[in-house]
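Novice: My questions all concern the structure below.
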Amino acid sequence: MKSYSQEYLGNPQPNSVLLDEVHNIIPMWSREELQFCVKYPYSSRTKEIVRWLNFDLESLDPQVLERALQRAKEGIEIGVINPEVASRSQKILLVEILSYPVAKIIVSLTKDNYLINRYAHAEANTARRFLYRDDNGVVDGIATDVGINMHNRSVFFVDYLNNIPLQEQFKLVNAPLDKGRVTLTRESEIEMIAEVLRNNIIRDLKKRYDIPSIYSTYAKELKQGVSAEKAVISDEDLGPVDASLFPPCIKALLSRARAGENMAHQPRFVLATFLTSINMPIDQIISVFRNMPNFNEKKTRYYIEYSAGKRGSGVKYSPPACEKMKYYGLCVNPDALCSKVKHPLSYYAAKKKGKRYAKH
Amino acid sequence: MQSIDFIRRALTEWYQKHTVKAPPQIERREFGAGVDKKIDFRHLKFRDEQSLNMYIRTSSPLYISYSAAYYEFPDGRPMEKKNWLGADLVFDLDADEYETPCTHPNDLVCEICMDRVKQEAIKLIEEYLIPDFGFNKNDLYIVFSGNRGYHIHIRNEEVHPLSQNGRKEVVDYLTANGLEPQYLGLVEMGKRIYGPKLDSKGWAGKIVSEIYSILSSDDKKFIAKQLGIPSKTAERIINEKDFILEGIKHGEWYRAGIPKKTWEKAFKIIAMKKAAGIDKNVTIDVSRLMRVPTSIHGSTGLQAAEIKNIDTFDVFKDPVVLPDDPVTVVGIKNIDFVLADQTFEIKNNLKIELPKYAAVYACGKDMAKVIE
Ligand code: SF4
Ligand SMILES: [Zn+2]
């Protein structure tokens, strides 16, 4: 296995680095520059600095480790990170900068998809927040740094579609598509950066590296620290409902929700309406959504009661039929029974009936 | 002999002497084959062109299809074991997507409906795939479906990673689904309405140029109908035409003196009219199986022929590849059809001698059966 510092930090021969010594020998970085790197710890400028520091994971300054753990917790718990951008101390700025790659190591070592998703989501939120306050030059630079292939602010439509959030204003039909390229607006550029960054982080955190054991201790601590908050949803929590009878599409949505994936509107709607249609108790439905990165109990309750027809117009919504599900790309791994039904609810009903007969 | 056995035999004879072309990266594709249904077996995998043809010659399927997708393990099952690596971008245009004045039974075709499909295919290519999506003519691999339409395959590597949601966005673009005038730039600032310009890109530009040409007309009834406005307003517009057209060219929509709501409606009416007609699910479904180009469609005996030039392609002639030795069949309804520049008249309960390609077509479409 490659070592993390070799592949990720690009250090051929890592050194032990104590930041107190470092900051005396790096006058070539201005405070503004370091502040930039605190805001954008994945920028190529930051990578240069980290590479120059050439630190060794074995003997890292303990302050960095502490801040990294805190960074991960902060991100996972509140969904956004608040680094000390304004600090006048070069040392604090360096600690912030290094806390990013180290936090990634710690989260990665938990091997917990829920934590990985939430952490990536938080870093993306953080990026978005800083980018909206910076000027276009910075935004363009960061776009290139995270790997977006841009010419004159335009991107190939496949790259655009694979990374733009599914919102009406970003739909391709409303975008200036010409000769295969979409010209980005400031907003779509920032949203794309956030999404690419999120995907990059998730991809990185799922790689496995050779990491000194001290980091596992931190990973354990992180896991314990946040597990109280993370809802562990097992099939028992579904109440009187038997999840083994669910069609493949709903099972897939359920496990995405449990893994804390930030699902788009359509899949959320399908999951909520399916569960309300089979009369699963509302509190239990809410707990299914608990792991999502931007979970908000009040809003979720309102949303679910709304789909169940207990609010608003009183219209009870149903999940879409299989054909629509296919159209939305939500029909996954259909099985033999699927070819006999036209609606996910009829799949469930058929299975339920089958089960009842099987008992006799 | 059953009609189905007759058709299978006719196809097998042809397959003995001809080779079906392997799609690129054949070893990464899933194949399906069918006799009773279009697909009785799927999850098949072939190493190369030779083994594909070997299979066809020995098992005589009526239908043979392959995945637009590339997999690490094309024969893996269930689906998630295949490990999807990407997929061609495909479009399906079929006669049942369009309203036509045809009176023949639904599964048959005539020149009117087949011409309509062809016009839709040309529109898709010339108004969307080339200018908006930036493909070259050479990127578009066009194939007759073997029955009632066309398939367009885009096999360029750079489209392979497009996600299922991304493909849905492509479909929404082509069908103008989810188009919102405000996101195309139509806004009200102060009391003035501004909007997209004649040189705007994407749907914005399409709509402006359409409105521009409608407003260039001197026919007030036409303008009123096209834009959904009262004919009095249309009359006023005609009187101030130059002033208004000049404004719209540069995005100054207020010059027409029409409320924003009305423009919004007009944008949507025009978008619906210009939208392309395709079978959405075929493009979106990333594990879809498509007819193998150059194979024969078992319900028609027609070849899923590769098309060099769609303008000159003759659906009633070019895909006719089966031989013309005579076969006697008996009609099961009264009906006419055209193939290879000839009209054939089938009469219920009457025997008729047909060239083999027409006999296969008539039996495949349940117009006639072979004699025991
Ligand atoms: S066929 Fe219907 S029920 Fe089965 S997975 Fe697809 S959408 Fe769900
Ligand atoms: Zn017709």
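For the structure tokens, the naming scheme is as follows: chains receive sequential letters (A, B, ...) according to their order of presentation, residues are indexed from 1 within each chain, and ligands are indexed from 1 in presentation order.
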Kindly provide, as a list in words, all nucleotide and amino acid residues lying within 6 Å of ligand 2, counting only C-alpha atoms and all ligand atoms.

Specialist: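 Sorted by chain and then by number, the residues are Cys102, Val109, Cys110, Ile112 and Cys113 of chain B.
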
Novice: Write out as a PyMOL selection string all residues of range 57-272 of chain A that backbone DSSP assigns to helix (DSSP H, G or I).

Specialist: chain A and resi 62-78+90-110+113-133+136-145+157-163+168-170+172-174+186-206+214-227+235-238+243-245+248-258+265-272

Novice: Set out as CSV a contact list for chain A and ligand 1 with a cut-off of 8 Å, giving each residue of chain A that qualifies its closest atom pair and distance in Å to one decimal, counting only C-alpha atoms and all ligand atoms, ordered by chain and rising residue number.

Specialist:
```
residue,atom,partner,partner_atom_place_in_ligand_line,distance
A:Pro247,CA,ligand 1,3 (S),5.0
A:Pro248,CA,ligand 1,5 (S),4.6
A:Cys249,CA,ligand 1,5 (S),4.2
A:Ile250,CA,ligand 1,8 (Fe),6.6
A:Ala321,CA,ligand 1,7 (S),6.8
A:Cys322,CA,ligand 1,2 (Fe),3.9
A:Glu323,CA,ligand 1,7 (S),7.0
A:Lys324,CA,ligand 1,7 (S),7.9
A:Met325,CA,ligand 1,7 (S),5.1
A:Lys326,CA,ligand 1,7 (S),6.3
A:Leu330,CA,ligand 1,7 (S),6.7
A:Cys331,CA,ligand 1,6 (Fe),3.8
A:Val332,CA,ligand 1,5 (S),5.3
A:Asn333,CA,ligand 1,5 (S),6.0
A:Pro334,CA,ligand 1,5 (S),4.1
A:Asp335,CA,ligand 1,4 (Fe),6.5
A:Leu337,CA,ligand 1,4 (Fe),7.3
A:Cys338,CA,ligand 1,4 (Fe),4.1
A:Ser339,CA,ligand 1,1 (S),6.3
A:Val341,CA,ligand 1,2 (Fe),6.7
A:Lys342,CA,ligand 1,2 (Fe),6.0
A:His343,CA,ligand 1,2 (Fe),5.3
A:Pro344,CA,ligand 1,3 (S),3.7
A:Leu345,CA,ligand 1,3 (S),7.3
A:Ser346,CA,ligand 1,3 (S),7.7
A:Tyr347,CA,ligand 1,3 (S),5.6
```

Novice: Which residues of chain A come within 8 Å of chain B, and for each one, what is the closest pair of atoms and their distance in Å to one decimal, counting only C-alpha atoms, sorted by chain and residue number, as a Markdown table?

Specialist:
```
| residue | atom | partner | partner_atom | distance |
| --- | --- | --- | --- | --- |
| A:Phe157 | CA | B:Phe133 | CA | 7.7 |
| A:Val158 | CA | B:Leu162 | CA | 5.6 |
| A:Asp159 | CA | B:Leu162 | CA | 7.9 |
| A:Leu161 | CA | B:Gly166 | CA | 4.9 |
| A:Asn162 | CA | B:Gly166 | CA | 6.0 |
| A:Glu168 | CA | B:Gly178 | CA | 7.2 |
| A:Gln169 | CA | B:Tyr183 | CA | 5.9 |
| A:Lys171 | CA | B:Glu169 | CA | 6.8 |
| A:Leu172 | CA | B:Glu169 | CA | 6.0 |
| A:Val173 | CA | B:Tyr173 | CA | 4.3 |
| A:Asn174 | CA | B:Leu184 | CA | 5.7 |
| A:Ala175 | CA | B:Gly202 | CA | 6.5 |
| A:Pro176 | CA | B:Gly202 | CA | 4.5 |
| A:Leu177 | CA | B:Gly202 | CA | 4.6 |
| A:Asp178 | CA | B:Asp132 | CA | 4.5 |
| A:Lys179 | CA | B:Gly134 | CA | 3.6 |
| A:Gly180 | CA | B:Phe133 | CA | 3.8 |
| A:Arg181 | CA | B:Phe133 | CA | 7.2 |
| A:Lys326 | CA | B:Asp285 | CA | 7.0 |
| A:Tyr327 | CA | B:Asn281 | CA | 5.9 |
| A:Tyr328 | CA | B:Asn165 | CA | 7.0 |
| A:Gly329 | CA | B:Gln164 | CA | 5.9 |
| A:Asn333 | CA | B:Met79 | CA | 6.0 |
```

Novice: So that I can check the surroundings of Gly147 in chain A, please list as number ranges by chain every protein, DNA and RNA residue that reaches within 9 Å of it, counting only C-alpha atoms and ignoring chain neighbours fewer than 4 positions away.

Specialist: A: 142-143, 193, 196-197

Novice: Write the residues of the preceding selection, restricted to all heavy atoms, as a PDB file, in the first residue's frame.

Specialist:
```pdb
ATOM      1  N   ILE A 142     -10.158  28.248  -8.073  1.00  0.00           N
ATOM      2  CA  ILE A 142     -10.522  27.067  -7.286  1.00  0.00           C
ATOM      3  C   ILE A 142     -11.189  26.026  -8.190  1.00  0.00           C
ATOM      4  O   ILE A 142     -10.968  24.826  -8.054  1.00  0.00           O
ATOM      5  CB  ILE A 142     -11.464  27.448  -6.118  1.00  0.00           C
ATOM      6  CG1 ILE A 142     -10.744  28.397  -5.147  1.00  0.00           C
ATOM      7  CG2 ILE A 142     -11.948  26.217  -5.378  1.00  0.00           C
ATOM      8  CD1 ILE A 142      -9.590  27.804  -4.393  1.00  0.00           C
ATOM      9  N   ALA A 143     -11.976  26.505  -9.152  1.00  0.00           N
ATOM     10  CA  ALA A 143     -12.623  25.569 -10.087  1.00  0.00           C
ATOM     11  C   ALA A 143     -11.552  24.709 -10.765  1.00  0.00           C
ATOM     12  O   ALA A 143     -11.673  23.484 -10.854  1.00  0.00           O
ATOM     13  CB  ALA A 143     -13.436  26.331 -11.121  1.00  0.00           C
ATOM     14  N   ILE A 193     -18.352  23.535  -8.117  1.00  0.00           N
ATOM     15  CA  ILE A 193     -17.132  23.336  -7.334  1.00  0.00           C
ATOM     16  C   ILE A 193     -17.457  22.561  -6.055  1.00  0.00           C
ATOM     17  O   ILE A 193     -16.788  21.588  -5.718  1.00  0.00           O
ATOM     18  CB  ILE A 193     -16.477  24.693  -6.958  1.00  0.00           C
ATOM     19  CG1 ILE A 193     -15.951  25.394  -8.209  1.00  0.00           C
ATOM     20  CG2 ILE A 193     -15.357  24.482  -5.948  1.00  0.00           C
ATOM     21  CD1 ILE A 193     -15.465  26.814  -7.970  1.00  0.00           C
ATOM     22  N   VAL A 196     -18.160  18.919  -6.896  1.00  0.00           N
ATOM     23  CA  VAL A 196     -16.949  18.195  -7.306  1.00  0.00           C
ATOM     24  C   VAL A 196     -16.070  17.948  -6.083  1.00  0.00           C
ATOM     25  O   VAL A 196     -15.546  16.846  -5.891  1.00  0.00           O
ATOM     26  CB  VAL A 196     -16.167  18.996  -8.377  1.00  0.00           C
ATOM     27  CG1 VAL A 196     -14.798  18.387  -8.625  1.00  0.00           C
ATOM     28  CG2 VAL A 196     -16.958  19.042  -9.672  1.00  0.00           C
ATOM     29  N   LEU A 197     -15.965  18.954  -5.252  1.00  0.00           N
ATOM     30  CA  LEU A 197     -15.149  18.807  -4.052  1.00  0.00           C
ATOM     31  C   LEU A 197     -15.695  17.688  -3.164  1.00  0.00           C
ATOM     32  O   LEU A 197     -14.959  16.831  -2.681  1.00  0.00           O
ATOM     33  CB  LEU A 197     -15.122  20.135  -3.290  1.00  0.00           C
ATOM     34  CG  LEU A 197     -14.292  20.134  -2.007  1.00  0.00           C
ATOM     35  CD1 LEU A 197     -12.813  19.956  -2.335  1.00  0.00           C
ATOM     36  CD2 LEU A 197     -14.497  21.440  -1.232  1.00  0.00           C
TER      37      LEU A 197
END
```

Novice: Between CA of Lys221 in chain B and CA of Phe267 in chain B, what is the distance in Å, rounded to a tenth?

Specialist: 18.2 Å

Novice: Please determine, counting only C-alpha atoms, which residue among A:Val107, A:Ile211, A:Ile201, A:Ile164 has the shortest atom-to-atom distance to Ala264 in chain A.

Specialist: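 Going through A:Val107, A:Ile211, A:Ile201, A:Ile164 one by one, the smallest distance to Ala264 in chain A is for A:Ile164.
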
Novice: Looking only at the backbone, which of the residues in range 165-345 of chain A does DSSP tag as strand (DSSP E), as a list in words?

Specialist: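 Those residues are Leu177, Asp178, Arg181, Val182 and Thr183 of chain A.
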
Novice: Store the residues picked out above, limited to N, CA and C atoms, as a PDB file, in the first residue's frame.

Specialist:
```pdb
ATOM      1  N   LEU A 177     -26.582  26.180 -23.509  1.00  0.00           N
ATOM      2  CA  LEU A 177     -25.819  25.075 -24.091  1.00  0.00           C
ATOM      3  C   LEU A 177     -25.494  25.402 -25.539  1.00  0.00           C
ATOM      4  N   ASP A 178     -24.212  25.309 -25.889  1.00  0.00           N
ATOM      5  CA  ASP A 178     -23.815  25.610 -27.257  1.00  0.00           C
ATOM      6  C   ASP A 178     -22.602  24.768 -27.624  1.00  0.00           C
ATOM      7  N   ARG A 181     -21.064  22.730 -24.907  1.00  0.00           N
ATOM      8  CA  ARG A 181     -20.541  23.334 -23.685  1.00  0.00           C
ATOM      9  C   ARG A 181     -21.573  24.250 -23.027  1.00  0.00           C
ATOM     10  N   VAL A 182     -21.515  24.291 -21.708  1.00  0.00           N
ATOM     11  CA  VAL A 182     -22.413  25.144 -20.942  1.00  0.00           C
ATOM     12  C   VAL A 182     -21.592  26.264 -20.329  1.00  0.00           C
ATOM     13  N   THR A 183     -21.982  27.496 -20.598  1.00  0.00           N
ATOM     14  CA  THR A 183     -21.295  28.620 -19.964  1.00  0.00           C
ATOM     15  C   THR A 183     -21.829  28.770 -18.550  1.00  0.00           C
TER      16      THR A 183
END
```
